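J.: What follows is a structure written as structure tokens; I'll ask about it next.
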Amino acid sequence: MFDVQNLGSGYGDVQIISELSFGVGNEILAVLGANGAGKTTLLATLAKVIPVRSGAITWQGQDVSASPAYELSKRGIAYVPQEGNVFPNLSVAENLSLGALVGTRPKEDRLTEVYDLFPRLAERKEQRAGSLSGGEGQMLAVGRALMQDPQLLLLDEPSAGLSPLYVDILFQTITEARKSREISIVLAEQNAKKTLEIADRVLVLSLGRMHLLEAAKDLSMKRLMKAYHI
Amino acid sequence: MSFIIDAIFIGVLQASPLILAAMGFTLIYYLNGFINFGYGEGITYGAYFASFLNLSLGMSFYLSIVPAAMMTGAVSVLTYLYVFRPAIRRGVKPAELIILSVGLSFVLRYGLILMVGAENVFLDEPPIAFFTFAGTGATSLQFIALILVFTFAFNLYWLIYHTGFGEKVRGLADNPDLAQVSGIDPHRVSISVWFIAGSAAGLAGIFQGVFALVNPLMGWNLILITVMVSIIGGVGSVRGALIAAVLAGILTAAITLVTKPLYAEVALLSAFIFILWRRGPRMA
Amino acid sequence: MAYLIFTLSLLLIYVGLALALHIQFGLLGIANFGVVGFWGLGMYAMGVLQVQLDMSFVDALFLVLVLSIAVSWLMGWLVLRLDPQATLCATIAFAAIVSLLVVTEKWATMGVVGLGTIRYPFRIGGGTEYLYFAFLLAVVVGLQILVLRLHRSPTGKLLQAIRDNEELCASLGKNTFQVKMFWFVIASVVMCLLGALSAPLNQFLTPNMIVPSVTFAVWIALILGGKGHSLGAVVGVFVTFGLFDILIETYAPVSPELAVVVPNMKLFLYGLLLMAVLIYRPTGLLAPTTPPEHVWAEIRSAGIAAGRGAMTLFQNGKNAIQNPNTNQPADSTAAQENDGAADGKS
Amino acid sequence: MKLSATNLTKSYTGHPVLDIQNASFGGHGIEGLIGPNGAGKSTLLGCLTRRIQATTGDVRLDGDDGVPTSLMGYQSYEVARMGLVKTNQRIQNFDSLTIRDSLRMAATPSDKQDWRSVWTLAPIDDALEAEIATLLARFPFSDPDGYAMSGGEKKLLDILRCVIVKPKLFLMDEPTAGLPDEITQDVMKLVREKVDAGEMTVMIIEHDLDLIWKNCSYVHFLSEGSILFEGKPDAVKKNRVVAEKYMGV
């Protein structure tokens, strides 16, 4: 469905991702790696916020390497960046409603679903997104992406800076959303242990290249630790 | 007491073009993040389009309002497409974009003078009735302007704060990357915003022109106060610009009542510098 | 001829203003859009002091200096912490205040009636204008030398560093605000003094001299010439003011009907030129493509070569009458200057 | 030079991102500061160098004479003059200065940099000039008298610019980001020399843990805004909290 061939990307004259090839089926694919391994760059490139330097991205049989970001979101790819993932001066309700610009189902239905998933957001409908706490902000960011009714969800470190309690809630929600909607998820995480519990397959990045790619259940903690240099 | 009422009344009546101009200006600043001095020429062009329809084609003043405003909107979109968008794409920074906009305003203004000359033009006004209200006189035209201005202001406010389009605009202004990821085509939204803002400038010019006279410098004379009002009103908020424009109108009227009108401008300008200084490094 | 010398003097004033703006915007990145405010303030202060208080030129100039330091410092304090857009707005507002006050304060400025007559500091019959021109030339050459040396000096490097990245500069222990303040005041005072010096040129002052297009003309000259190049200001003024105001407006054989159009045409083209430069060649005609000091060294060596040539010619002439040994000091200065240029390159 | 922070907190719009009870930095030669993304590392550095105004708390500098000075009343440039200098994680550069000029600009003392230098063109003293030349010879800039072109050159220049102002406590924010491996090693060699000579102490903030284990004699682990563990690298490596927090609960 989603296929990446020989991808290269970076900022300015710094090449960060090189020669990366993988496919995403109907699963949760976790992208793991230490800080600075290139996870954020990879996801931003997949969402076309950063242009593709080399290689190709294919989605539903079509090459989307040159399509602009808004085109991709119309085709069912939703992206939650690590930073700046909400509209800070807009209310929670407006943030969610901006998520509903793409897709065909009525906005109200989707809104009810997201509020069911994150009851805290319903309580804070009228609040400015910039004044939410870190955890609520992440929930809103994921909620906004789910409003897009995506078939592929790109999540960039949704647990960064969150307290363990919030991480649990968030990961639980992600699994629920995945089951009820049958969507593919690419999840970039530092939080390896937790991620292993929910992921189907794991891609470990090291300095922008693929370190390993295999099923989560086959992966030992020891090999992971090695990839993290701990 | 009557002094205060007079000031408010005169202020609101005189401020109506200013309110329109400030709202449109704010819209562009809000979206693109730079002060567009070329916006002032929209005011001039609006008045000249109206005078063309009104005087050359013999259209009645009221009928000429909407087409003249739309023509100004089209000019505004052209400046965006052929001047500002290429510049932004080439990485021209905000401070230089302002200088660019001053250059554009020279081109538009003196281009206009080269085409139509620098003489004052008087719009063919409809018959005027005088009203007295709370001891102060006003013309029917001023009332109509006021009503139109508030209708426009209300609609703009509604558009920005209560419609899907407004949401897109605010989203794009707030977080451009995320807006694109949410499926907003920045190009289309920008064109619409520049059209609306240009139309607002055009309307402002039409009424400024019918209140006084039409000449090529009218926009330049109004742009500085428009910029001031918008910045004081809290850049990036249509609400703020509206309130600030009314307040500036009232303040100008109040100062004018006790002293010469030029002192009113000096006081406003000084207040403007002072407010910028108090705000410190951040703009909005 | 008298008109030409007047326009040329005015051209020098514009070169001076552009040089001062080069210090503020080119070197420091302060977007001062109130050039006409400082210039007009100096001009009218000179006029008022001379006409209303009957002061001598020198006394008046001294008072203008004091006044301009105070005003520039106040403006610096108000705008230097702001972001560039806010600085630009605040300085425009300052210029607008100056031009409004000139109209309202009739007791001093005579308002729209106009203020006159302002005297030259000296009077030597028919040659006054020429001597004054020479004086202005000396002032402007002095300014240009200051700017050239500033580019090479440690201060100049610091100013450029502040323009490029003020926070980074502060993190290396530089007191950026103090430096910005000092040079902003210097440049603004220069603008005021150039205003004071243009008062005798104009002789009769009216409020419509203090219009934003003066600021604009200086800006276009600077941007067109190259804001990052130490000679950009001069080149820019010659291309704009020299080409349009002197060559075309004065000497081009245009019919009377067309002559009315020319000033508007000029401003139209100024605007067009400015837009084109900003979009297609943001660095201006003289782009700082090589490190400034390399350029400077080249100019210097060219200048020194020319100077030597001239010196040799001059000396040869002199030698015919005098002792041949006199050319010794000239050569040693040239040698020293060459060393200076070499230092810059190393 | 030692820096101690007490009760240092920073909140953005009411949400705490930093809460340090008691910590001291710069007492162990080369130190490391590690922690997951979003732990508050940049905020901590900003508060220490006075670029960010802390919400509460105090940062004290223990001078060579042993008398502590509170930094709270100082501006960032004054703190830098006291010897607390930080490199930048994201590329920062003076684009219109050549590499050599950039170093000269940073190294020139401010009394030789004021208006008088226009008259004298005050060349910086020979010792400093020689030092710059040595630095430039040591690192592979393509043209020391040209501009820094690549991201790597700019990053390296950023580090050298800080070294040349002779910091007492040198904070290196992600020195490896954007630098080739060999150059990082050269930089660390230079830093180690300076530390061994007693010229400065260093704190490195890094994601590349290999570099931390190899170079640091003491490591602070920051997570969720507080220092959860600190100690010798081996202790930190073995610590369960660190492994769990770094890789997930």
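In the structure tokens, each chain is lettered A, B, ... as it comes, each chain's residues begin at 1, and ligands are numbered from 1 in order of appearance.
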Hey, what's within 9 Å of Leu197 in chain C if we count only C-alpha atoms and toss same-chain stuff fewer than 4 positions away? As number ranges by chain, please?

T.: C: 13, 42-43, 46, 61, 136, 192-193, 201

J.: Between chain D and chain A, at 9 Å or less, what are the per-residue closest atom pairs and their distances in Å? Count only C-alpha atoms, order by chain and rising residue number, and return it as a tab-separated table.

T.:
```
residue	atom	partner	partner_atom	distance
D:Thr13	CA	A:Ser131	CA	6.3
D:Gly14	CA	A:Ser131	CA	8.1
D:His15	CA	A:Ser133	CA	6.3
D:Val17	CA	A:Gly161	CA	8.7
D:Pro36	CA	A:Asn35	CA	7.1
D:Asn37	CA	A:Ala160	CA	5.9
D:Gly38	CA	A:Gly161	CA	4.5
D:Ala39	CA	A:Gly161	CA	5.8
D:Gly40	CA	A:Gly161	CA	8.3
D:Ser150	CA	A:Asp13	CA	6.4
D:Gly151	CA	A:Asp13	CA	6.1
D:Gly152	CA	A:Val14	CA	7.9
D:Ala177	CA	A:Gly36	CA	7.7
D:Gly178	CA	A:Val14	CA	6.4
D:Glu206	CA	A:Asn35	CA	8.8
D:His207	CA	A:Asn35	CA	5.4
D:Asp208	CA	A:Asn35	CA	7.7
D:Leu209	CA	A:His229	CA	6.2
D:Asp210	CA	A:His229	CA	6.5
D:Ser223	CA	A:Gly161	CA	8.2
D:Glu224	CA	A:Gly161	CA	6.2
D:Gly225	CA	A:Gly161	CA	8.7
D:Lys237	CA	A:Ile230	CA	6.4
D:Lys238	CA	A:Ile230	CA	8.7
D:Ala243	CA	A:Ile230	CA	7.3
D:Glu244	CA	A:Lys193	CA	8.0
D:Lys245	CA	A:Asn191	CA	7.8
D:Tyr246	CA	A:Asn191	CA	7.0
D:Met247	CA	A:Asn191	CA	4.7
D:Gly248	CA	A:Asn191	CA	3.8
D:Val249	CA	A:Lys193	CA	6.5
```

J.: For the strand (DSSP E) assignment from backbone DSSP, which residues of range 68-126 of chain A qualify? Please present them as a PyMOL selection string.

T.: chain A and resi 77-80

J.: Distance limit 6 Å, atoms considered: only C-alpha atoms. Which chain C residues sit that close to chain B? Return them as a list in words.

T.: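 The selection requested is Leu78, Arg81, Leu82, Asp83, Pro84, Gln85, Ala90, Ala93, Ile97, Asn264, Phe268, Gly271, Leu272, Leu274, Met275 and Ile279 of chain C.
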
J.: With C-alpha atoms retained, write the just-selected residues as an mmCIF file, in the first residue's frame.

T.:
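In the end it all went to out14.cif:
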```
data_model
loop_
_atom_site.group_PDB
_atom_site.id
_atom_site.type_symbol
_atom_site.label_atom_id
_atom_site.label_comp_id
_atom_site.auth_asym_id
_atom_site.auth_seq_id
_atom_site.Cartn_x
_atom_site.Cartn_y
_atom_site.Cartn_z
ATOM 1 C CA LEU C 78 12.820 53.842 21.624
ATOM 2 C CA ARG C 81 15.087 46.888 20.893
ATOM 3 C CA LEU C 82 12.205 46.461 18.444
ATOM 4 C CA ASP C 83 12.027 43.982 15.602
ATOM 5 C CA PRO C 84 12.838 45.400 12.150
ATOM 6 C CA GLN C 85 9.232 45.896 11.110
ATOM 7 C CA ALA C 90 8.354 53.866 14.492
ATOM 8 C CA ALA C 93 6.106 57.903 12.471
ATOM 9 C CA ILE C 97 5.852 63.972 13.439
ATOM 10 C CA ASN C 264 6.282 61.481 -11.914
ATOM 11 C CA PHE C 268 7.483 55.554 -11.083
ATOM 12 C CA GLY C 271 9.691 52.248 -7.644
ATOM 13 C CA LEU C 272 10.007 49.802 -10.512
ATOM 14 C CA LEU C 274 13.575 49.139 -6.453
ATOM 15 C CA MET C 275 11.161 46.251 -6.911
ATOM 16 C CA ILE C 279 13.322 40.564 -6.235
#
```

J.: Counting only C-alpha atoms, which residue out of D:Ile124, D:Leu136, D:Leu156, D:Ile183 sits closest to chain C?

T.: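 Of D:Ile124, D:Leu136, D:Leu156, D:Ile183, the one nearest chain C is D:Ile124, counting only C-alpha atoms.
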
J.: Do you know which residues are at most 12 Å from Val113 in chain C counting only C-alpha atoms, after dropping those on the same chain fewer than 2 positions away, and could you put them as a PyMOL selection string?

T.: chain C and resi 102-111+115-116+204-208

J.: Keeping only all heavy atoms, take the residues you just selected and write them out as a compact mmCIF listing (two decimals), in the first residue's frame.

T.:
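Wrote it out as part_12.txt, contents follow:
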```txt
# COMPACT_ATOMS: atom_id res chain seq x y z
N VAL C 102 6.60 70.96 11.75
CA VAL C 102 7.08 72.07 10.93
C VAL C 102 5.90 72.91 10.46
O VAL C 102 5.96 74.13 10.40
CB VAL C 102 7.89 71.52 9.74
CG1 VAL C 102 8.03 72.58 8.67
CG2 VAL C 102 9.25 71.05 10.21
N VAL C 103 4.77 72.25 10.17
CA VAL C 103 3.59 72.99 9.73
C VAL C 103 2.92 73.70 10.90
O VAL C 103 2.53 74.86 10.81
CB VAL C 103 2.58 72.04 9.04
CG1 VAL C 103 1.34 72.78 8.63
CG2 VAL C 103 3.23 71.38 7.84
N THR C 104 2.81 73.00 12.05
CA THR C 104 2.01 73.58 13.14
C THR C 104 2.76 74.67 13.90
O THR C 104 2.16 75.67 14.30
CB THR C 104 1.60 72.50 14.15
OG1 THR C 104 2.77 71.83 14.60
CG2 THR C 104 0.66 71.49 13.53
N GLU C 105 4.05 74.53 14.08
CA GLU C 105 4.78 75.49 14.93
C GLU C 105 5.16 76.73 14.13
O GLU C 105 6.33 77.01 13.90
CB GLU C 105 6.01 74.83 15.56
CG GLU C 105 5.72 73.56 16.32
CD GLU C 105 4.57 73.71 17.31
OE1 GLU C 105 4.69 74.53 18.24
OE2 GLU C 105 3.54 73.03 17.14
N LYS C 106 4.12 77.49 13.79
CA LYS C 106 4.36 78.64 12.90
C LYS C 106 5.24 79.69 13.54
O LYS C 106 5.97 80.40 12.86
CB LYS C 106 3.01 79.28 12.54
CG LYS C 106 2.13 78.39 11.70
CD LYS C 106 0.98 79.21 11.11
CE LYS C 106 0.02 78.34 10.34
NZ LYS C 106 -0.78 77.46 11.22
N TRP C 107 5.17 79.83 14.88
CA TRP C 107 5.94 80.87 15.56
C TRP C 107 7.43 80.70 15.28
O TRP C 107 8.18 81.66 15.28
CB TRP C 107 5.68 80.84 17.06
CG TRP C 107 5.91 79.47 17.67
CD1 TRP C 107 5.00 78.47 17.74
CD2 TRP C 107 7.11 78.96 18.22
NE1 TRP C 107 5.55 77.36 18.31
CE2 TRP C 107 6.85 77.64 18.62
CE3 TRP C 107 8.40 79.49 18.42
CZ2 TRP C 107 7.82 76.83 19.21
CZ3 TRP C 107 9.35 78.69 19.01
CH2 TRP C 107 9.07 77.37 19.40
N ALA C 108 7.85 79.45 15.04
CA ALA C 108 9.27 79.22 14.77
C ALA C 108 9.54 79.01 13.29
O ALA C 108 10.47 79.58 12.73
CB ALA C 108 9.77 78.03 15.57
N THR C 109 8.71 78.19 12.67
CA THR C 109 9.04 77.74 11.32
C THR C 109 8.33 78.53 10.24
O THR C 109 8.57 78.32 9.05
CB THR C 109 8.62 76.28 11.13
OG1 THR C 109 7.20 76.21 11.24
CG2 THR C 109 9.25 75.38 12.16
N MET C 110 7.40 79.44 10.63
CA MET C 110 6.58 80.22 9.70
C MET C 110 5.61 79.31 8.94
O MET C 110 4.95 79.78 8.02
CB MET C 110 7.43 81.00 8.69
CG MET C 110 8.53 81.84 9.30
SD MET C 110 7.93 83.31 10.10
CE MET C 110 7.48 84.29 8.67
N GLY C 111 5.51 78.04 9.30
CA GLY C 111 4.54 77.13 8.69
C GLY C 111 4.66 77.07 7.18
O GLY C 111 5.76 77.06 6.64
N LEU C 115 10.31 79.66 5.42
CA LEU C 115 11.29 80.28 6.30
C LEU C 115 12.52 80.69 5.48
O LEU C 115 13.10 79.89 4.76
CB LEU C 115 11.69 79.27 7.39
CG LEU C 115 12.61 79.74 8.48
CD1 LEU C 115 11.90 80.71 9.40
CD2 LEU C 115 13.12 78.54 9.27
N GLY C 116 12.90 81.95 5.58
CA GLY C 116 14.08 82.38 4.84
C GLY C 116 14.58 83.72 5.37
O GLY C 116 13.93 84.33 6.21
N PHE C 204 15.56 79.00 1.30
CA PHE C 204 14.19 79.23 1.72
C PHE C 204 13.54 77.88 2.00
O PHE C 204 13.48 77.03 1.11
CB PHE C 204 13.46 79.98 0.60
CG PHE C 204 12.15 80.54 1.03
CD1 PHE C 204 12.09 81.69 1.83
CD2 PHE C 204 10.96 79.92 0.66
CE1 PHE C 204 10.88 82.19 2.23
CE2 PHE C 204 9.75 80.43 1.07
CZ PHE C 204 9.70 81.57 1.86
N LEU C 205 13.10 77.66 3.25
CA LEU C 205 12.60 76.35 3.63
C LEU C 205 11.08 76.32 3.66
O LEU C 205 10.45 77.22 4.19
CB LEU C 205 13.12 75.96 5.02
CG LEU C 205 14.62 76.08 5.23
CD1 LEU C 205 14.99 75.66 6.65
CD2 LEU C 205 15.38 75.25 4.22
N THR C 206 10.52 75.25 3.08
CA THR C 206 9.06 75.07 3.16
C THR C 206 8.76 73.65 3.63
O THR C 206 9.58 72.75 3.44
CB THR C 206 8.39 75.29 1.79
OG1 THR C 206 9.02 74.43 0.85
CG2 THR C 206 8.50 76.72 1.34
N PRO C 207 7.59 73.45 4.25
CA PRO C 207 7.26 72.11 4.78
C PRO C 207 7.23 71.04 3.70
O PRO C 207 7.46 69.87 4.00
CB PRO C 207 5.87 72.30 5.39
CG PRO C 207 5.76 73.75 5.66
CD PRO C 207 6.56 74.44 4.61
N ASN C 208 6.95 71.41 2.44
CA ASN C 208 6.85 70.34 1.45
C ASN C 208 8.21 69.78 1.02
O ASN C 208 8.30 68.92 0.16
CB ASN C 208 6.02 70.76 0.24
CG ASN C 208 6.66 71.89 -0.53
OD1 ASN C 208 7.82 72.22 -0.29
ND2 ASN C 208 5.90 72.49 -1.43
```

J.: To one decimal place, how far is CA of Met149 in chain D from CA of Glu166 in chain C in Å?

T.: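 So the answer is 20.2 Å.
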
J.: List as a Markdown table every residue of chain C that is in contact with chain D, defined as an atom at most 9 Å from one of its atoms (using only C-alpha atoms), together with the nearest atom pair and the distance in Å rounded to one decimal, sorted by chain and then rising number.

T.:
```
| residue | atom | partner | partner_atom | distance |
| --- | --- | --- | --- | --- |
| C:Leu146 | CA | D:Val118 | CA | 7.3 |
| C:Val147 | CA | D:Val118 | CA | 9.0 |
| C:Arg149 | CA | D:Val118 | CA | 5.8 |
| C:Leu150 | CA | D:Val118 | CA | 5.4 |
| C:His151 | CA | D:Val118 | CA | 8.6 |
| C:Arg152 | CA | D:Leu121 | CA | 7.1 |
| C:Ser153 | CA | D:Leu121 | CA | 4.7 |
| C:Pro154 | CA | D:Gln113 | CA | 5.2 |
| C:Thr155 | CA | D:Gln113 | CA | 4.8 |
| C:Gly156 | CA | D:Val118 | CA | 8.0 |
| C:Lys157 | CA | D:Met105 | CA | 6.3 |
| C:Leu158 | CA | D:Met105 | CA | 6.1 |
| C:Gln160 | CA | D:Ser96 | CA | 6.9 |
| C:Ala161 | CA | D:Phe94 | CA | 5.5 |
| C:Ile162 | CA | D:Phe94 | CA | 8.3 |
| C:Arg163 | CA | D:Phe94 | CA | 8.4 |
| C:Asp164 | CA | D:Phe94 | CA | 5.2 |
| C:Asn165 | CA | D:Phe94 | CA | 6.2 |
| C:Glu167 | CA | D:Arg51 | CA | 8.8 |
| C:Leu168 | CA | D:Gln92 | CA | 7.1 |
| C:Cys169 | CA | D:Ala106 | CA | 8.0 |
| C:Ala170 | CA | D:Tyr77 | CA | 4.7 |
| C:Ser171 | CA | D:Tyr77 | CA | 5.5 |
| C:Leu172 | CA | D:Ala80 | CA | 5.9 |
| C:Gly173 | CA | D:Tyr77 | CA | 4.2 |
| C:Lys174 | CA | D:Tyr77 | CA | 5.7 |
| C:Asn175 | CA | D:Tyr77 | CA | 6.0 |
| C:Thr176 | CA | D:Tyr77 | CA | 8.2 |
| C:Val179 | CA | D:Asp114 | CA | 7.8 |
| C:Phe182 | CA | D:Trp115 | CA | 8.7 |
| C:Trp183 | CA | D:Trp115 | CA | 8.6 |
| C:Gly228 | CA | D:Ser96 | CA | 8.8 |
| C:Pro288 | CA | D:Ser96 | CA | 8.6 |
| C:Thr290 | CA | D:Gly146 | CA | 8.2 |
| C:Pro291 | CA | D:Thr98 | CA | 6.9 |
| C:Pro292 | CA | D:Ser96 | CA | 8.9 |
| C:Lys345 | CA | D:Asp145 | CA | 8.5 |
| C:Ser346 | CA | D:Asp145 | CA | 8.2 |
```

J.: Select, from C:Met265, C:Ile210, C:Leu143, C:Val189, the residue with the minimum atom-to-atom distance to Leu74 in chain C, counting only C-alpha atoms.

T.: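 Closest to Leu74 in chain C of all the choices is C:Val189.
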